[in-house]
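The file data-v2.cif comes next; it holds mmCIF, N, CA and C atoms.
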```cif
data_data
#
loop_
_atom_site.label_atom_id
_atom_site.label_comp_id
_atom_site.auth_asym_id
_atom_site.auth_seq_id
_atom_site.Cartn_x
_atom_site.Cartn_y
_atom_site.Cartn_z
N MET A 1 0.84 -1.18 0.00
CA MET A 1 0.00 0.00 0.00
C MET A 1 0.88 1.24 0.00
N LYS A 2 0.49 2.21 -0.75
CA LYS A 2 1.22 3.46 -0.80
C LYS A 2 0.93 4.28 0.45
N PRO A 3 1.86 5.11 0.89
CA PRO A 3 1.67 5.87 2.12
C PRO A 3 0.42 6.75 2.15
N ASN A 4 -0.05 7.25 1.02
CA ASN A 4 -1.21 8.14 1.00
C ASN A 4 -2.55 7.41 0.87
N GLU A 5 -2.52 6.10 0.68
CA GLU A 5 -3.76 5.35 0.54
C GLU A 5 -4.32 5.00 1.91
N ALA A 6 -5.59 5.23 2.08
CA ALA A 6 -6.25 4.88 3.34
C ALA A 6 -6.66 3.42 3.30
N GLN A 7 -6.50 2.75 4.42
CA GLN A 7 -6.97 1.38 4.52
C GLN A 7 -8.47 1.41 4.78
N THR A 8 -9.18 0.51 4.13
CA THR A 8 -10.60 0.40 4.38
C THR A 8 -10.89 -0.96 4.98
N ALA A 9 -11.70 -0.95 6.02
CA ALA A 9 -12.09 -2.18 6.68
C ALA A 9 -13.48 -2.54 6.20
N VAL A 10 -13.62 -3.74 5.67
CA VAL A 10 -14.88 -4.20 5.11
C VAL A 10 -15.40 -5.37 5.93
N VAL A 11 -16.71 -5.36 6.21
CA VAL A 11 -17.36 -6.48 6.88
C VAL A 11 -18.42 -7.04 5.95
N LYS A 12 -18.74 -8.31 6.13
CA LYS A 12 -19.84 -8.94 5.41
C LYS A 12 -20.99 -9.02 6.39
N ILE A 13 -22.14 -8.48 6.01
CA ILE A 13 -23.31 -8.49 6.89
C ILE A 13 -24.36 -9.41 6.27
N LEU A 14 -24.87 -10.32 7.09
CA LEU A 14 -25.91 -11.26 6.67
C LEU A 14 -27.20 -10.92 7.38
N TYR A 15 -28.33 -11.06 6.67
CA TYR A 15 -29.65 -10.84 7.25
C TYR A 15 -30.48 -12.10 7.05
N PHE A 16 -31.11 -12.57 8.12
CA PHE A 16 -31.86 -13.82 8.07
C PHE A 16 -33.34 -13.62 8.35
N ALA A 17 -34.14 -14.57 7.87
CA ALA A 17 -35.57 -14.68 8.13
C ALA A 17 -36.31 -13.39 7.75
N TRP A 18 -37.18 -12.88 8.64
CA TRP A 18 -37.99 -11.71 8.30
C TRP A 18 -37.15 -10.46 8.06
N LEU A 19 -35.95 -10.40 8.62
CA LEU A 19 -35.08 -9.26 8.33
C LEU A 19 -34.69 -9.23 6.86
N ARG A 20 -34.35 -10.40 6.33
CA ARG A 20 -33.98 -10.51 4.91
C ARG A 20 -35.14 -10.04 4.04
N GLU A 21 -36.36 -10.46 4.39
CA GLU A 21 -37.53 -10.07 3.60
C GLU A 21 -37.80 -8.57 3.70
N ALA A 22 -37.79 -8.04 4.92
CA ALA A 22 -38.12 -6.63 5.14
C ALA A 22 -37.08 -5.69 4.54
N LEU A 23 -35.79 -6.08 4.61
CA LEU A 23 -34.73 -5.21 4.14
C LEU A 23 -34.43 -5.40 2.66
N GLY A 24 -34.96 -6.49 2.08
CA GLY A 24 -34.80 -6.72 0.65
C GLY A 24 -33.43 -7.22 0.24
N LYS A 25 -32.68 -7.76 1.19
CA LYS A 25 -31.37 -8.32 0.84
C LYS A 25 -30.97 -9.36 1.87
N ALA A 26 -30.22 -10.34 1.43
CA ALA A 26 -29.74 -11.40 2.31
C ALA A 26 -28.36 -11.07 2.87
N GLU A 27 -27.61 -10.26 2.14
CA GLU A 27 -26.26 -9.92 2.60
C GLU A 27 -25.76 -8.68 1.88
N GLU A 28 -24.71 -8.13 2.45
CA GLU A 28 -24.03 -7.00 1.82
C GLU A 28 -22.62 -6.90 2.38
N GLU A 29 -21.74 -6.28 1.62
CA GLU A 29 -20.43 -5.93 2.12
C GLU A 29 -20.45 -4.44 2.41
N LEU A 30 -19.89 -4.06 3.54
CA LEU A 30 -19.97 -2.68 3.97
C LEU A 30 -18.60 -2.22 4.46
N VAL A 31 -18.16 -1.08 3.96
CA VAL A 31 -16.96 -0.44 4.50
C VAL A 31 -17.35 0.15 5.84
N ILE A 32 -16.63 -0.20 6.88
CA ILE A 32 -16.95 0.29 8.21
C ILE A 32 -16.75 1.81 8.24
N PRO A 33 -17.84 2.54 8.51
CA PRO A 33 -17.73 4.01 8.53
C PRO A 33 -16.92 4.50 9.73
N ASP A 34 -16.35 5.68 9.60
CA ASP A 34 -15.67 6.31 10.73
C ASP A 34 -16.64 6.41 11.90
N GLY A 35 -16.16 6.15 13.10
CA GLY A 35 -16.99 6.26 14.29
C GLY A 35 -17.75 4.99 14.62
N VAL A 36 -17.65 3.96 13.79
CA VAL A 36 -18.32 2.69 14.07
C VAL A 36 -17.28 1.69 14.56
N ALA A 37 -17.32 1.41 15.86
CA ALA A 37 -16.34 0.50 16.45
C ALA A 37 -16.98 -0.68 17.17
N THR A 38 -18.31 -0.64 17.33
CA THR A 38 -19.02 -1.72 18.04
C THR A 38 -20.26 -2.13 17.26
N ILE A 39 -20.83 -3.26 17.65
CA ILE A 39 -22.08 -3.72 17.04
C ILE A 39 -23.19 -2.70 17.26
N GLY A 40 -23.27 -2.11 18.44
CA GLY A 40 -24.28 -1.10 18.72
C GLY A 40 -24.16 0.08 17.78
N GLN A 41 -22.94 0.53 17.52
CA GLN A 41 -22.73 1.65 16.61
C GLN A 41 -23.04 1.25 15.17
N LEU A 42 -22.74 0.01 14.81
CA LEU A 42 -23.07 -0.47 13.48
C LEU A 42 -24.59 -0.51 13.29
N ALA A 43 -25.30 -1.03 14.29
CA ALA A 43 -26.76 -1.08 14.20
C ALA A 43 -27.33 0.34 14.08
N ALA A 44 -26.78 1.28 14.82
CA ALA A 44 -27.24 2.67 14.74
C ALA A 44 -26.99 3.24 13.34
N PHE A 45 -25.83 2.93 12.76
CA PHE A 45 -25.52 3.38 11.41
C PHE A 45 -26.53 2.81 10.41
N LEU A 46 -26.84 1.51 10.55
CA LEU A 46 -27.80 0.89 9.64
C LEU A 46 -29.20 1.49 9.82
N ARG A 47 -29.61 1.74 11.07
CA ARG A 47 -30.92 2.36 11.33
C ARG A 47 -31.01 3.74 10.69
N ALA A 48 -29.90 4.44 10.62
CA ALA A 48 -29.88 5.79 10.05
C ALA A 48 -30.18 5.79 8.55
N ARG A 49 -30.18 4.63 7.92
CA ARG A 49 -30.58 4.54 6.52
C ARG A 49 -32.07 4.88 6.36
N GLY A 50 -32.81 4.80 7.46
CA GLY A 50 -34.23 5.14 7.44
C GLY A 50 -35.12 3.99 7.00
N ASP A 51 -36.38 4.31 6.76
CA ASP A 51 -37.40 3.37 6.30
C ASP A 51 -37.38 2.05 7.06
N HIS A 52 -37.29 0.95 6.33
CA HIS A 52 -37.33 -0.38 6.94
C HIS A 52 -36.15 -0.63 7.88
N TRP A 53 -35.04 0.00 7.59
CA TRP A 53 -33.86 -0.18 8.44
C TRP A 53 -34.15 0.33 9.85
N ALA A 54 -34.73 1.50 9.94
CA ALA A 54 -35.04 2.09 11.24
C ALA A 54 -36.10 1.27 11.96
N THR A 55 -37.06 0.76 11.23
CA THR A 55 -38.14 -0.02 11.83
C THR A 55 -37.65 -1.39 12.29
N GLU A 56 -37.02 -2.12 11.40
CA GLU A 56 -36.67 -3.52 11.68
C GLU A 56 -35.50 -3.68 12.64
N LEU A 57 -34.60 -2.71 12.69
CA LEU A 57 -33.46 -2.78 13.61
C LEU A 57 -33.63 -1.83 14.79
N GLY A 58 -34.85 -1.28 14.93
CA GLY A 58 -35.12 -0.29 15.95
C GLY A 58 -35.25 -0.87 17.35
N ASP A 59 -35.33 0.04 18.32
CA ASP A 59 -35.51 -0.35 19.71
C ASP A 59 -36.77 -1.18 19.86
N GLY A 60 -36.69 -2.18 20.70
CA GLY A 60 -37.83 -3.04 20.98
C GLY A 60 -37.97 -4.21 20.02
N LYS A 61 -37.21 -4.23 18.95
CA LYS A 61 -37.24 -5.35 18.02
C LYS A 61 -36.37 -6.48 18.55
N ALA A 62 -36.86 -7.68 18.47
CA ALA A 62 -36.10 -8.85 18.91
C ALA A 62 -35.15 -9.27 17.80
N VAL A 63 -33.94 -8.74 17.85
CA VAL A 63 -32.92 -9.06 16.85
C VAL A 63 -31.66 -9.48 17.58
N ARG A 64 -31.11 -10.59 17.16
CA ARG A 64 -29.85 -11.08 17.71
C ARG A 64 -28.74 -10.79 16.71
N VAL A 65 -27.50 -10.82 17.21
CA VAL A 65 -26.34 -10.56 16.35
C VAL A 65 -25.26 -11.58 16.67
N ALA A 66 -24.60 -12.06 15.63
CA ALA A 66 -23.44 -12.93 15.80
C ALA A 66 -22.29 -12.35 14.97
N VAL A 67 -21.09 -12.44 15.52
CA VAL A 67 -19.89 -12.02 14.81
C VAL A 67 -19.03 -13.27 14.63
N ASN A 68 -18.77 -13.60 13.38
CA ASN A 68 -18.01 -14.81 13.06
C ASN A 68 -18.61 -16.03 13.76
N MET A 69 -19.94 -16.10 13.75
CA MET A 69 -20.74 -17.21 14.30
C MET A 69 -20.72 -17.31 15.82
N ASP A 70 -20.23 -16.29 16.51
CA ASP A 70 -20.29 -16.23 17.97
C ASP A 70 -21.29 -15.14 18.35
N MET A 71 -22.16 -15.46 19.30
CA MET A 71 -23.15 -14.47 19.73
C MET A 71 -22.44 -13.20 20.19
N ALA A 72 -23.06 -12.06 19.88
CA ALA A 72 -22.46 -10.76 20.18
C ALA A 72 -23.51 -9.87 20.84
N ASP A 73 -23.03 -8.77 21.41
CA ASP A 73 -23.94 -7.77 21.97
C ASP A 73 -23.51 -6.39 21.48
N ALA A 74 -24.18 -5.38 21.96
CA ALA A 74 -23.94 -4.01 21.48
C ALA A 74 -22.51 -3.55 21.70
N ASN A 75 -21.82 -4.12 22.68
CA ASN A 75 -20.45 -3.69 22.98
C ASN A 75 -19.37 -4.50 22.27
N THR A 76 -19.77 -5.48 21.49
CA THR A 76 -18.80 -6.31 20.77
C THR A 76 -18.09 -5.46 19.71
N PRO A 77 -16.75 -5.49 19.68
CA PRO A 77 -16.01 -4.70 18.69
C PRO A 77 -16.25 -5.16 17.25
N VAL A 78 -16.19 -4.22 16.33
CA VAL A 78 -16.33 -4.49 14.91
C VAL A 78 -15.01 -4.17 14.24
N SER A 79 -14.55 -5.08 13.37
CA SER A 79 -13.33 -4.81 12.62
C SER A 79 -13.42 -5.47 11.26
N GLY A 80 -12.56 -5.05 10.37
CA GLY A 80 -12.57 -5.57 9.01
C GLY A 80 -12.38 -7.07 8.94
N GLY A 81 -13.01 -7.68 7.96
CA GLY A 81 -12.89 -9.11 7.73
C GLY A 81 -13.90 -9.94 8.49
N GLN A 82 -14.70 -9.32 9.33
CA GLN A 82 -15.67 -10.08 10.11
C GLN A 82 -16.93 -10.36 9.29
N GLU A 83 -17.62 -11.44 9.69
CA GLU A 83 -18.94 -11.75 9.18
C GLU A 83 -19.92 -11.47 10.31
N ILE A 84 -20.86 -10.57 10.07
CA ILE A 84 -21.80 -10.13 11.09
C ILE A 84 -23.20 -10.52 10.63
N ALA A 85 -23.90 -11.29 11.46
CA ALA A 85 -25.24 -11.76 11.12
C ALA A 85 -26.27 -11.16 12.04
N PHE A 86 -27.34 -10.63 11.46
CA PHE A 86 -28.50 -10.13 12.20
C PHE A 86 -29.63 -11.12 11.95
N PHE A 87 -30.30 -11.57 13.03
CA PHE A 87 -31.35 -12.57 12.87
C PHE A 87 -32.33 -12.52 14.04
N PRO A 88 -33.55 -13.03 13.83
CA PRO A 88 -34.52 -13.11 14.93
C PRO A 88 -34.06 -14.15 15.94
N PRO A 89 -34.61 -14.11 17.17
CA PRO A 89 -34.20 -15.07 18.19
C PRO A 89 -34.40 -16.53 17.78
N VAL A 90 -35.44 -16.81 17.01
CA VAL A 90 -35.69 -18.17 16.55
C VAL A 90 -35.84 -18.14 15.05
N THR A 91 -35.01 -18.91 14.36
CA THR A 91 -35.11 -18.96 12.90
C THR A 91 -35.40 -20.36 12.47
N GLY A 92 -36.10 -20.47 11.40
CA GLY A 92 -36.40 -21.79 10.83
C GLY A 92 -35.48 -22.07 9.67
N GLY A 93 -35.52 -23.28 9.17
CA GLY A 93 -34.66 -23.71 8.08
C GLY A 93 -35.03 -23.14 6.81
#
```

Please express what this file holds, its structure, as structure tokens.
Amino acid sequence: MKPNEAQTAVVKILYFAWLREALGKAEEELVIPDGVATIGQLAAFLRARGDHWATELGDGKAVRVAVNMDMADANTPVSGGQEIAFFPPVTGG
């Protein structure tokens, strides 16, 4: 990498069950925005997209999160190369 090039950290985000349907996508790759260092901050960034994002990932919604297949919470750190999954508490096949 050249000295003037900024490194970008990319995560893969997966959406399961009704989240996938409501948000209209099963997955996406996202460059981690400045100021996003935790799952809670990532969720807030996604909610800021508005519409279904604000509704489906909003307060009071039963949504679980896993980072690299390990259960996570709002304080779990986010870094490049991770796979982050958002899903309801109970999912079917």

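CA of Ala37 in chain A sits 23.4 Å away from CA of Lys25 in chain A.
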
_All residues 7 Å or closer to range 76-87 of chain A, all atoms listed in the file, same chain fewer than 6 positions away omitted, as a PyMOL selection string_ = chain A and resi 8-17+19+36-40+62-69

*Identify, on the basis of all atoms listed in the file, every residue whose closest approach to Trp18 in chain A does not exceed 8 Å; exclude the query and any residue fewer than 6 positions from it along the same chain; express the result as a ChimeraX atom specification.*
/A:24,56,87-88,91

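Neighbouring residues of Phe45 in chain A at 12 Å or closer, counting only C-alpha atoms and skipping chain neighbours under 2 positions away, are Leu30, Val31, Ile32, Pro33, Asp34, Gly35, Val36, Ala37, Thr38, Ile39, Gly40, Gln41, Leu42, Ala43, Arg47, Ala48, Arg49, Gly50, Trp53, Ala54, Leu57 and Gly58 of chain A.
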
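Per DSSP on the backbone, strand (DSSP E or B) in chain A comprises Val10, Val11, Lys12, Ile13, Leu14, Tyr15, Glu27, Glu28, Glu29, Leu30, Val31, Thr38, Arg64, Val65, Ala66, Val67, Asp70, Met71, Ala72, Pro77, Glu83, Ile84, Ala85, Phe86 and Phe87 of chain A.
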
Print the selection's residues with N, CA and C atoms to a file, as a CSV table (one decimal), keeping the file's coordinate frame.
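result-v6.csv, written as the output of this step:
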```
chain,number,residue,atom,x,y,z
A,10,VAL,N,-13.6,-3.7,5.7
A,10,VAL,CA,-14.9,-4.2,5.1
A,10,VAL,C,-15.4,-5.4,5.9
A,11,VAL,N,-16.7,-5.4,6.2
A,11,VAL,CA,-17.4,-6.5,6.9
A,11,VAL,C,-18.4,-7.0,6.0
A,12,LYS,N,-18.7,-8.3,6.1
A,12,LYS,CA,-19.8,-8.9,5.4
A,12,LYS,C,-21.0,-9.0,6.4
A,13,ILE,N,-22.1,-8.5,6.0
A,13,ILE,CA,-23.3,-8.5,6.9
A,13,ILE,C,-24.4,-9.4,6.3
A,14,LEU,N,-24.9,-10.3,7.1
A,14,LEU,CA,-25.9,-11.3,6.7
A,14,LEU,C,-27.2,-10.9,7.4
A,15,TYR,N,-28.3,-11.1,6.7
A,15,TYR,CA,-29.6,-10.8,7.2
A,15,TYR,C,-30.5,-12.1,7.0
A,27,GLU,N,-27.6,-10.3,2.1
A,27,GLU,CA,-26.3,-9.9,2.6
A,27,GLU,C,-25.8,-8.7,1.9
A,28,GLU,N,-24.7,-8.1,2.4
A,28,GLU,CA,-24.0,-7.0,1.8
A,28,GLU,C,-22.6,-6.9,2.4
A,29,GLU,N,-21.7,-6.3,1.6
A,29,GLU,CA,-20.4,-5.9,2.1
A,29,GLU,C,-20.4,-4.4,2.4
A,30,LEU,N,-19.9,-4.1,3.5
A,30,LEU,CA,-20.0,-2.7,4.0
A,30,LEU,C,-18.6,-2.2,4.5
A,31,VAL,N,-18.2,-1.1,4.0
A,31,VAL,CA,-17.0,-0.4,4.5
A,31,VAL,C,-17.4,0.2,5.8
A,38,THR,N,-18.3,-0.6,17.3
A,38,THR,CA,-19.0,-1.7,18.0
A,38,THR,C,-20.3,-2.1,17.3
A,64,ARG,N,-31.1,-10.6,17.2
A,64,ARG,CA,-29.8,-11.1,17.7
A,64,ARG,C,-28.7,-10.8,16.7
A,65,VAL,N,-27.5,-10.8,17.2
A,65,VAL,CA,-26.3,-10.6,16.4
A,65,VAL,C,-25.3,-11.6,16.7
A,66,ALA,N,-24.6,-12.1,15.6
A,66,ALA,CA,-23.4,-12.9,15.8
A,66,ALA,C,-22.3,-12.4,15.0
A,67,VAL,N,-21.1,-12.4,15.5
A,67,VAL,CA,-19.9,-12.0,14.8
A,67,VAL,C,-19.0,-13.3,14.6
A,70,ASP,N,-20.2,-16.3,16.5
A,70,ASP,CA,-20.3,-16.2,18.0
A,70,ASP,C,-21.3,-15.1,18.4
A,71,MET,N,-22.2,-15.5,19.3
A,71,MET,CA,-23.2,-14.5,19.7
A,71,MET,C,-22.4,-13.2,20.2
A,72,ALA,N,-23.1,-12.1,19.9
A,72,ALA,CA,-22.5,-10.8,20.2
A,72,ALA,C,-23.5,-9.9,20.8
A,77,PRO,N,-16.8,-5.5,19.7
A,77,PRO,CA,-16.0,-4.7,18.7
A,77,PRO,C,-16.2,-5.2,17.2
A,83,GLU,N,-17.6,-11.4,9.7
A,83,GLU,CA,-18.9,-11.8,9.2
A,83,GLU,C,-19.9,-11.5,10.3
A,84,ILE,N,-20.9,-10.6,10.1
A,84,ILE,CA,-21.8,-10.1,11.1
A,84,ILE,C,-23.2,-10.5,10.6
A,85,ALA,N,-23.9,-11.3,11.5
A,85,ALA,CA,-25.2,-11.8,11.1
A,85,ALA,C,-26.3,-11.2,12.0
A,86,PHE,N,-27.3,-10.6,11.5
A,86,PHE,CA,-28.5,-10.1,12.2
A,86,PHE,C,-29.6,-11.1,12.0
A,87,PHE,N,-30.3,-11.6,13.0
A,87,PHE,CA,-31.4,-12.6,12.9
A,87,PHE,C,-32.3,-12.5,14.0
```

*Tell me, in Å to one decimal, how far atom N of Gly60 in chain A is from atom C of Glu28 in chain A.*
23.6 Å

_I need the residues in chain A that are alpha helix (DSSP H) according to DSSP; give them as an MDAnalysis selection string._
chainID A and resid 18:23 39:47 51:56

*If you measure from CA of Val90 in chain A to atom C of Glu21 in chain A, what distance in Å do you get, rounded to one decimal?*
16.2 Å

Box for range 76-92 of chain A: with edges along x, y and z, all listed atoms inside and 5 Å added on each side, what are the centre and edge lengths in Å to one decimal, as AutoDock Vina command-line options?
```
--center_x -24.4 --center_y -13.1 --center_z 14.6 --size_x 34.0 --size_y 27.9 --size_z 23.8
```

*Quick one: residues within 10 Å of Thr55 in chain A, only C-alpha atoms counted, chain neighbours fewer than 6 positions away excluded, as a list in words?*
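Answer for this query is Ala22, Leu23, Arg47 and Lys61 of chain A.
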